[in-house]
Amino acid sequence: MVNSFSSEDVERLSTGIPGFDRLIEGGIPRGFFVAVVGEPGTGKSIFCQHFIAEGIRVGDKNIYVTTEESRESIIRQAKQFGWDFRKAIDEGKLVIIDALMGRHDEPWSLSSLDVEELVNKIIEAKKYLGYGRARLVVDSMSAFWLDKPAMARKYSYFVKRVLTRWDFTALLVSQYAVTTSLGFGFGIEHVADGIVRFRRIVVGGMLRRYVIVEKMRQTDHDLRMYEVKIIKGKGMVLEGPIRARKEDFALPRKVWLKMLESELMKELEVSGEEHES
């Protein structure tokens with residue numbers, strides 16, 4: 001079957017990780033909203049910081065929304081990998097919206113974890129940064145539906161529908177945890193143009209991290225899983241594709257059944273709320 005698009009016609013934004021860019025024909029297509037999903041500690045935030053650091057380097061407008069760390073924490077972490085986010089902020093190249101501290105006296109802060117307030121603040125930041133190609137990270141979207149996971153898909157769609165008009169290429173992070181029936185990830189995945197999934201397992205008593213591109217529209221992406229390493233002063237580095245049995249990474253059948261049951265219950269809850277409205 002012949003694709004209806006030519007990859008040469010697609011403008012792509014580098015993630016700032018050369019090894020990863022090679023998996024997706026050079027970068028993320030402009031205007032895409034990509035779900036970055038995985039368990040805590042798998043490298044999602046560092047992946048996103050690479051994306052923003054590259055945006056600063058090439059002159060894009062950059063917005064980073066942090067819900068699980070303070071602004072200062074993000075700046076300190078970026079510094080460990082050689083990225084001066086504070087300088088970028090001072091030069092008007094980056095806005096970090098702090099959704100963790102909830103300060104009312106600070107312009108780039110969210111007073112509550114409300115998805116409409118999130119979108120309005122992002123648009124305000126884009127107007128402040130000015131016209132031009134923009135990169136957006138929301139780390140993480142999960143915080144906006146912690147008390148109502150059934151609304152994940154509706155909120156994700158709202159964010160994408162509104163912000164697409166503002167020339168954003170976005171990474172939307174979602175926590176992935178088997179213990180919560182994966183209830184924080186599926187909402188984003190349903191509306192995303194791409195899905196980048198991070199995994200972690202312990203092999204021989206050593207923690208190992210992996211990444212796989214599960215979906216990327218308009219892209220002939222690599223289908224293999226790669227091991228990733230996080231190196232101080234450098235950031236994320238991709239090793240070669242791994243050779244492993246499916247059983248080493250597949251979730252147990254009873255876990256998948258629990259996930260499907262959870263998804264069905266959420267669908268019924270959303271349908272009921274829409275019917276009442």
# chains A, B, ... in the order shown; residues from 1 in each chain; ligands from 1

$ residues_around --residues "region 89-106 of chain A" --least-positions-apart "5" --cutoff "12 Å" --atoms "only C-alpha atoms" --output "ChimeraX atom specification"
/A:49,52-75,83-84,111-115,117-141,143-144

$ residues_around --residues "region 160-163 of chain A" --least-positions-apart "3" --cutoff "9 Å" --atoms "only C-alpha atoms" --output "list of chain:residue names"
A:Phe33, A:Val119, A:Ile122, A:Ile123, A:Tyr155, A:Ser156, A:Tyr157, A:Trp166, A:Asp167, A:Phe168, A:Ala170, A:Val191, A:Ala192

$ residues_around --residues "Ile24 (chain A)" --least-positions-apart "6" --cutoff "12 Å" --atoms "only C-alpha atoms" --output "list in words"
Ser7, Val10, Arg12, Leu13, Ser14, Thr15, Ile17, Pro18, Gly194, Ile195, Val196, Ile212, Val213, Glu214, Lys215, Met216, Arg217, Gln218, Thr219, Asp220, His221, Asp222, Leu223 and Arg224 of chain A

$ atom_distance --atom1 "CA of Val34 (chain A)" --atom2 "CA of Asp21 (chain A)"
14.0 Å

$ select_by_dssp --residues "region 2-88 of chain A" --states "helix (DSSP H, G or I)" --output "ChimeraX atom specification"
/A:7-9,18-24,44-58,71-80,85-88

$ closest_residue --among "A:Lys154, A:His190, A:Glu227, A:Lys79" --to "Leu207 (chain A)" --atoms "only C-alpha atoms"
A:Glu227

$ closest_residue --among "A:Phe85, A:Tyr210, A:Phe20, A:Trp145" --to "Val37 (chain A)" --atoms "only C-alpha atoms"
A:Tyr210

$ select_by_dssp --residues "region 39-93 of chain A" --states "strand (DSSP E or B)" --output "number ranges by chain"
A: 61-66

$ closest_residue --among "A:Val173, A:Leu238, A:Val228, A:Ile188" --to "Pro40 (chain A)" --atoms "only C-alpha atoms"
A:Val173

$ atom_distance --atom1 "CA of Cys48 (chain A)" --atom2 "CA of Leu171 (chain A)"
6.9 Å

$ atom_distance --atom1 "CA of Val203 (chain A)" --atom2 "CA of Arg22 (chain A)"
26.5 Å
